Amino acid sequence: MEKITSISNAKVQEIKKLLNSKEARRLSGNFVAEGVNIVKDIPCENIKSLFMTEDAFERYPEIAVKCNEIVFVSEKVLGAISDTKSPSGVVAVCNVSNNKEVCRKKCIVLDNLQDPGNAGTIIRTAVACGIQLIYCYGDCVDLYSPKVVRSSMGGIFFVKVEKLSSKSELKQELLVLDMAGENLFSIDKKPDEFALLVGSESRGVSKEMREQADKIISLPMNKNMESLNAGVSLSIALYQLING
């Protein structure tokens with residue numbers, strides 16, 4: 001097997017571009033996932049190549065069999081292609097599989113959401129609730145960036161991500177999560193098809209989406225707390241809409 005020991009190697013430089021550049025990810029249709037637990041759960045068809053230390057190759061044979069193209073790397077090279085402080089020895093180059101058919105009856109809309117941690121939490125919750133489609137409206141964090149992929153704990157491989165230009169593209173009822181809305185827990189009839197929207201952490205829901213909402217909903221809170229972060233708020237609302 002090939003072994004890379006130089007950080008100037010072309011493959012190493014390509015991975016670094018995928019780690020650091022949204023444009024590189026968009027143009028290539030590839031992104032990077034790392035960590036033993038995440039890579040274990042990636043569908044084999046999504047893995048293009050695996051970069052592993054020889055020690056990781058021996059320790060995790062169940063990962064090694066997931067891909068035909070395995071490249072050994074030195075510890076120094078591993079550090080150069082890792083986005084974490086303590087690399088686990090496994091880095092995967094993956095493809096964005098946005099051509100798959102998904103159920104569109106229930107989906108999520110991220111409205112100018114910027115925080116990678118919140119985005120990852122939302123993706124994990126979406127997958128846990130059976131949601132297969134996430135729309136990004138406005139200036140959202142790249143859902144294939146290393147921090148979001150890591151925060152999603154591999155959930156990104158089980159959703160389809162699409163850009164939303166306007167509310168007119170939605171066939172579902174648009175439910176906007178906002179503090180000024182109707183108490184979600186007091187709504188008797190939940191819609192069978194909906195797009196649940198959450199706004200940015202700093203600015204909230206955009207004016208245009210709030211004005212076009214079919215319904216604005218909120219979560220009841222104790223007077224001592226003004227709000228929850230975007231990831232927690234959407235998670236609670238989504239579970240209530242689906243299971244409440």
# chains A, B, ... in the order shown; residues from 1 in each chain; ligands from 1
$ closest_atom_pairs --of "stretch 55-111 of chain A" --to "stretch 169-185 of chain A" --cutoff "12 Å" --atoms "only C-alpha atoms" --output "JSON lines"
{"residue": "A:Cys103", "atom": "CA", "partner": "A:Gln172", "partner_atom": "CA", "distance": 11.8}
{"residue": "A:Arg104", "atom": "CA", "partner": "A:Gln172", "partner_atom": "CA", "distance": 8.3}
{"residue": "A:Lys105", "atom": "CA", "partner": "A:Gln172", "partner_atom": "CA", "distance": 6.6}
{"residue": "A:Lys106", "atom": "CA", "partner": "A:Gln172", "partner_atom": "CA", "distance": 7.4}
{"residue": "A:Cys107", "atom": "CA", "partner": "A:Gln172", "partner_atom": "CA", "distance": 8.4}
{"residue": "A:Ile108", "atom": "CA", "partner": "A:Leu175", "partner_atom": "CA", "distance": 9.5}
{"residue": "A:Val109", "atom": "CA", "partner": "A:Leu174", "partner_atom": "CA", "distance": 9.0}
{"residue": "A:Leu110", "atom": "CA", "partner": "A:Val176", "partner_atom": "CA", "distance": 10.3}
{"residue": "A:Asp111", "atom": "CA", "partner": "A:Val176", "partner_atom": "CA", "distance": 9.8}
$ write_last_selection --atoms "N, CA, C and O atoms" --output "compact mmCIF listing (two decimals), in the first residue's frame"
# COMPACT_ATOMS: atom_id res chain seq x y z
N CYS A 103 -37.71 11.43 1.35
CA CYS A 103 -39.08 11.83 1.70
C CYS A 103 -39.08 13.33 1.99
O CYS A 103 -38.26 13.83 2.77
N ARG A 104 -40.02 14.06 1.36
CA ARG A 104 -40.06 15.51 1.49
C ARG A 104 -41.26 16.01 2.30
O ARG A 104 -41.47 17.22 2.40
N LYS A 105 -42.02 15.11 2.88
CA LYS A 105 -43.21 15.54 3.59
C LYS A 105 -42.88 16.36 4.83
O LYS A 105 -43.60 17.29 5.19
N LYS A 106 -41.79 16.01 5.49
CA LYS A 106 -41.33 16.76 6.66
C LYS A 106 -39.86 17.12 6.44
O LYS A 106 -39.06 16.26 6.07
N CYS A 107 -39.52 18.36 6.68
CA CYS A 107 -38.13 18.79 6.46
C CYS A 107 -37.78 19.92 7.42
O CYS A 107 -38.63 20.42 8.17
N ILE A 108 -36.54 20.32 7.38
CA ILE A 108 -36.03 21.40 8.23
C ILE A 108 -35.45 22.50 7.34
O ILE A 108 -34.86 22.22 6.30
N VAL A 109 -35.65 23.75 7.77
CA VAL A 109 -35.06 24.90 7.07
C VAL A 109 -34.15 25.64 8.04
O VAL A 109 -34.59 26.04 9.12
N LEU A 110 -32.90 25.82 7.66
CA LEU A 110 -31.96 26.61 8.43
C LEU A 110 -31.91 28.00 7.81
O LEU A 110 -31.54 28.16 6.65
N ASP A 111 -32.29 28.99 8.58
CA ASP A 111 -32.40 30.37 8.10
C ASP A 111 -31.19 31.17 8.57
O ASP A 111 -31.16 31.66 9.70
$ residues_around --residues "stretch 33-45 of chain A" --least-positions-apart "4" --cutoff "7 Å" --atoms "only C-alpha atoms" --output "list in words"
Ile63, Lys66, Cys67, Ser88, Val90, Val91, Ala92, Val93, Pro146, Val149, Met153, Gly154 and Phe157 of chain A
$ write_last_selection --atoms "C-alpha atoms" --output "tab-separated table (two decimals), in the first residue's frame"
chain	number	residue	atom	x	y	z
A	63	ILE	CA	-12.92	0.33	9.12
A	66	LYS	CA	-14.97	-0.29	4.09
A	67	CYS	CA	-12.89	1.11	1.25
A	88	SER	CA	-7.69	9.14	16.04
A	90	VAL	CA	-8.50	7.70	10.58
A	91	VAL	CA	-9.46	10.30	7.96
A	92	ALA	CA	-11.97	9.65	5.18
A	93	VAL	CA	-12.52	11.57	1.97
A	146	PRO	CA	-15.34	19.62	9.34
A	149	VAL	CA	-19.65	16.91	10.11
A	153	MET	CA	-21.76	12.47	14.53
A	154	GLY	CA	-22.12	11.11	11.01
A	157	PHE	CA	-24.55	11.04	5.58
$ residues_around --residues "A:Val205" --least-positions-apart "2" --cutoff "9 Å" --atoms "only C-alpha atoms" --output "list of chain:residue names"
A:Asp111, A:Asn112, A:Val176, A:Leu177, A:Asp178, A:Leu197, A:Val198, A:Gly199, A:Ser200, A:Glu201, A:Arg203, A:Lys207, A:Glu208, A:Met209, A:Arg210
$ write_last_selection --atoms "all heavy atoms" --output "compact mmCIF listing (two decimals), in the first residue's frame"
# COMPACT_ATOMS: atom_id res chain seq x y z
N ASP A 111 -32.29 28.99 8.58
CA ASP A 111 -32.40 30.37 8.10
C ASP A 111 -31.19 31.17 8.57
O ASP A 111 -31.16 31.66 9.70
CB ASP A 111 -33.71 30.97 8.64
CG ASP A 111 -33.94 32.41 8.21
OD1 ASP A 111 -33.08 32.99 7.52
OD2 ASP A 111 -34.99 32.96 8.58
N ASN A 112 -30.16 31.26 7.71
CA ASN A 112 -28.95 32.02 8.03
C ASN A 112 -28.26 31.50 9.29
O ASN A 112 -27.58 32.26 10.00
CB ASN A 112 -29.25 33.51 8.19
CG ASN A 112 -29.66 34.16 6.88
OD1 ASN A 112 -28.81 34.47 6.04
ND2 ASN A 112 -30.96 34.37 6.70
N VAL A 176 -42.49 28.45 11.53
CA VAL A 176 -41.33 29.24 11.93
C VAL A 176 -41.22 29.25 13.45
O VAL A 176 -42.17 29.60 14.16
CB VAL A 176 -41.42 30.68 11.39
CG1 VAL A 176 -40.35 31.56 12.02
CG2 VAL A 176 -41.27 30.67 9.87
N LEU A 177 -40.07 28.85 13.94
CA LEU A 177 -39.83 28.80 15.39
C LEU A 177 -39.34 30.17 15.85
O LEU A 177 -38.27 30.63 15.46
CB LEU A 177 -38.78 27.73 15.69
CG LEU A 177 -38.60 27.25 17.13
CD1 LEU A 177 -39.91 26.75 17.71
CD2 LEU A 177 -37.55 26.16 17.18
N ASP A 178 -40.16 30.84 16.67
CA ASP A 178 -39.85 32.19 17.11
C ASP A 178 -40.50 32.44 18.47
O ASP A 178 -41.61 31.95 18.74
CB ASP A 178 -40.36 33.20 16.07
CG ASP A 178 -39.93 34.62 16.38
OD1 ASP A 178 -38.79 34.98 16.02
OD2 ASP A 178 -40.72 35.35 16.99
N LEU A 197 -38.67 25.74 10.50
CA LEU A 197 -37.59 26.69 10.28
C LEU A 197 -37.05 27.24 11.60
O LEU A 197 -37.82 27.61 12.49
CB LEU A 197 -38.08 27.84 9.40
CG LEU A 197 -37.08 28.95 9.06
CD1 LEU A 197 -37.34 29.50 7.65
CD2 LEU A 197 -37.11 30.10 10.06
N VAL A 198 -35.73 27.31 11.69
CA VAL A 198 -35.07 27.93 12.83
C VAL A 198 -34.11 28.99 12.30
O VAL A 198 -33.47 28.81 11.27
CB VAL A 198 -34.32 26.88 13.69
CG1 VAL A 198 -33.17 26.24 12.91
CG2 VAL A 198 -33.80 27.50 14.98
N GLY A 199 -34.05 30.13 13.00
CA GLY A 199 -33.23 31.25 12.54
C GLY A 199 -31.83 31.24 13.10
O GLY A 199 -31.43 30.32 13.81
N SER A 200 -31.10 32.28 12.77
CA SER A 200 -29.71 32.38 13.20
C SER A 200 -29.64 32.68 14.69
O SER A 200 -30.58 33.19 15.30
CB SER A 200 -28.98 33.48 12.42
OG SER A 200 -29.37 34.76 12.88
N GLU A 201 -28.48 32.37 15.28
CA GLU A 201 -28.28 32.54 16.72
C GLU A 201 -28.31 34.01 17.13
O GLU A 201 -28.84 34.35 18.19
CB GLU A 201 -26.94 31.92 17.13
CG GLU A 201 -26.82 30.44 16.86
CD GLU A 201 -26.51 30.11 15.40
OE1 GLU A 201 -26.22 31.04 14.61
OE2 GLU A 201 -26.57 28.93 15.05
N ARG A 203 -29.34 36.87 15.02
CA ARG A 203 -30.37 37.74 14.44
C ARG A 203 -31.76 37.13 14.45
O ARG A 203 -32.74 37.82 14.13
CB ARG A 203 -29.98 38.10 13.00
CG ARG A 203 -28.67 38.88 12.91
CD ARG A 203 -28.40 39.32 11.48
NE ARG A 203 -28.27 38.19 10.57
CZ ARG A 203 -27.14 37.53 10.39
NH1 ARG A 203 -26.05 37.86 11.06
NH2 ARG A 203 -27.08 36.52 9.54
N LYS A 207 -36.68 38.50 8.27
CA LYS A 207 -37.96 39.20 8.11
C LYS A 207 -38.80 38.55 7.02
O LYS A 207 -40.01 38.33 7.19
CB LYS A 207 -37.71 40.66 7.75
CG LYS A 207 -38.98 41.47 7.54
CD LYS A 207 -38.65 42.91 7.16
CE LYS A 207 -39.93 43.69 6.89
NZ LYS A 207 -39.62 45.09 6.47
N GLU A 208 -38.16 38.20 5.90
CA GLU A 208 -38.92 37.65 4.79
C GLU A 208 -39.55 36.29 5.12
O GLU A 208 -40.68 35.99 4.73
CB GLU A 208 -38.04 37.54 3.53
CG GLU A 208 -36.77 36.73 3.70
CD GLU A 208 -35.57 37.57 4.13
OE1 GLU A 208 -35.78 38.63 4.77
OE2 GLU A 208 -34.44 37.15 3.83
N MET A 209 -38.83 35.46 5.88
CA MET A 209 -39.38 34.16 6.25
C MET A 209 -40.46 34.29 7.32
O MET A 209 -41.45 33.56 7.31
CB MET A 209 -38.27 33.21 6.70
CG MET A 209 -37.49 32.60 5.55
SD MET A 209 -38.58 31.65 4.46
CE MET A 209 -37.42 31.02 3.27
N ARG A 210 -40.29 35.20 8.24
CA ARG A 210 -41.31 35.40 9.26
C ARG A 210 -42.62 35.88 8.62
O ARG A 210 -43.71 35.43 8.98
CB ARG A 210 -40.84 36.43 10.29
CG ARG A 210 -41.86 36.65 11.42
CD ARG A 210 -41.43 37.70 12.41
NE ARG A 210 -40.38 37.23 13.28
CZ ARG A 210 -39.10 37.58 13.18
NH1 ARG A 210 -38.73 38.42 12.22
NH2 ARG A 210 -38.21 37.12 14.02
$ atom_distance --atom1 "atom CA of A:Thr121" --atom2 "atom CA of A:Lys163"
19.1 Å
$ closest_residue --among "A:Lys223, A:Arg59, A:Arg25, A:Lys215" --to "A:Leu143" --atoms "only C-alpha atoms"
A:Arg25
$ closest_residue --among "A:Ala56, A:Ile134, A:Val148, A:Ile242" --to "A:Val32" --atoms "only C-alpha atoms"
A:Val148
$ closest_residue --among "A:Thr53, A:Gln212, A:Asn99, A:Ser186" --to "A:Val161" --atoms "only C-alpha atoms"
A:Asn99
$ residues_around --residues "A:Met52" --least-positions-apart "4" --cutoff "6 Å" --atoms "only C-alpha atoms" --output "PDB file with N, CA, C and O atoms, in the first residue's frame"
ATOM      1  N   PHE A  72      -1.692   4.696   3.718  1.00  0.00           N
ATOM      2  CA  PHE A  72      -1.057   4.855   5.013  1.00  0.00           C
ATOM      3  C   PHE A  72      -0.409   6.245   5.089  1.00  0.00           C
ATOM      4  O   PHE A  72       0.141   6.743   4.094  1.00  0.00           O
ATOM      5  N   VAL A  73      -0.477   6.842   6.262  1.00  0.00           N
ATOM      6  CA  VAL A  73       0.159   8.144   6.472  1.00  0.00           C
ATOM      7  C   VAL A  73       0.949   8.113   7.769  1.00  0.00           C
ATOM      8  O   VAL A  73       0.627   7.372   8.703  1.00  0.00           O
ATOM      9  N   GLY A  89      -6.384   8.746  14.034  1.00  0.00           N
ATOM     10  CA  GLY A  89      -5.651   7.894  13.103  1.00  0.00           C
ATOM     11  C   GLY A  89      -6.419   7.530  11.858  1.00  0.00           C
ATOM     12  O   GLY A  89      -5.921   6.798  10.999  1.00  0.00           O
ATOM     13  N   VAL A  90      -7.653   8.048  11.720  1.00  0.00           N
ATOM     14  CA  VAL A  90      -8.503   7.698  10.583  1.00  0.00           C
ATOM     15  C   VAL A  90      -9.110   8.962   9.979  1.00  0.00           C
ATOM     16  O   VAL A  90      -9.793   9.725  10.674  1.00  0.00           O
TER      17      VAL A  90
END
$ closest_residue --among "A:Ala230, A:Ile7, A:Phe31, A:Ser97" --to "A:Pro116" --atoms "only C-alpha atoms"
A:Ala230
$ select_by_dssp --residues "stretch 141-189 of chain A" --states "helix (DSSP H, G or I)" --output "PyMOL selection string"
chain A and resi 146-151+155-158+167-169+184-186
$ residues_around --residues "A:Leu18" --least-positions-apart "2" --cutoff "9 Å" --atoms "only C-alpha atoms" --output "list of chain:residue names"
A:Gln13, A:Glu14, A:Ile15, A:Lys16, A:Asn20, A:Ser21, A:Lys22, A:Glu23, A:Ala24, A:Arg25, A:Ser28, A:Asn30, A:Phe31, A:Val32, A:Val93, A:Ser145, A:Pro146
$ closest_residue --among "A:Leu19, A:Cys94, A:Ile47, A:Val127" --to "A:Ile81" --atoms "only C-alpha atoms"
A:Leu19
$ select_by_dssp --residues "stretch 119-154 of chain A" --states "strand (DSSP E)" --output "CSV table (one decimal) with all heavy atoms, in the first residue's frame"
chain,number,residue,atom,x,y,z
A,133,LEU,N,-34.5,15.6,4.8
A,133,LEU,CA,-34.2,16.7,3.9
A,133,LEU,C,-33.9,18.0,4.8
A,133,LEU,O,-34.8,18.3,5.7
A,133,LEU,CB,-35.3,17.0,3.0
A,133,LEU,CG,-35.3,18.2,2.1
A,133,LEU,CD1,-34.1,18.1,1.1
A,133,LEU,CD2,-36.5,18.3,1.3
A,134,ILE,N,-32.8,18.7,4.5
A,134,ILE,CA,-32.5,19.9,5.2
A,134,ILE,C,-32.3,21.0,4.2
A,134,ILE,O,-31.4,20.8,3.3
A,134,ILE,CB,-31.3,19.8,6.2
A,134,ILE,CG1,-31.6,18.8,7.3
A,134,ILE,CG2,-30.9,21.2,6.7
A,134,ILE,CD1,-30.5,18.6,8.3
A,135,TYR,N,-33.0,22.1,4.3
A,135,TYR,CA,-32.8,23.2,3.4
A,135,TYR,C,-31.9,24.3,4.1
A,135,TYR,O,-32.1,24.5,5.3
A,135,TYR,CB,-34.1,23.9,3.0
A,135,TYR,CG,-35.0,23.2,2.0
A,135,TYR,CD1,-36.2,22.5,2.4
A,135,TYR,CD2,-34.6,23.1,0.7
A,135,TYR,CE1,-37.0,21.9,1.5
A,135,TYR,CE2,-35.4,22.5,-0.2
A,135,TYR,CZ,-36.6,21.8,0.2
A,135,TYR,OH,-37.4,21.2,-0.7
A,136,CYS,N,-31.1,24.9,3.3
A,136,CYS,CA,-30.3,26.1,3.8
A,136,CYS,C,-30.8,27.3,3.1
A,136,CYS,O,-30.7,27.4,1.9
A,136,CYS,CB,-28.8,25.8,3.6
A,136,CYS,SG,-28.1,24.5,4.5
A,137,TYR,N,-31.2,28.3,3.9
A,137,TYR,CA,-31.7,29.6,3.3
A,137,TYR,C,-30.8,30.7,3.8
A,137,TYR,O,-30.5,30.8,4.9
A,137,TYR,CB,-33.2,29.9,3.8
A,137,TYR,CG,-33.7,31.2,3.4
A,137,TYR,CD1,-34.1,31.4,2.1
A,137,TYR,CD2,-33.7,32.3,4.2
A,137,TYR,CE1,-34.6,32.6,1.6
A,137,TYR,CE2,-34.2,33.5,3.8
A,137,TYR,CZ,-34.6,33.7,2.5
A,137,TYR,OH,-35.1,34.9,2.1
$ atom_distance --atom1 "atom CA of A:Gly244" --atom2 "atom CA of A:Arg124"
19.1 Å
$ closest_residue --among "A:Cys129, A:Ser74, A:Phe57, A:Ser165" --to "A:Ser6" --atoms "only C-alpha atoms"
A:Ser74
$ atom_distance --atom1 "atom CA of A:Phe51" --atom2 "atom CA of A:Val71"
4.8 Å
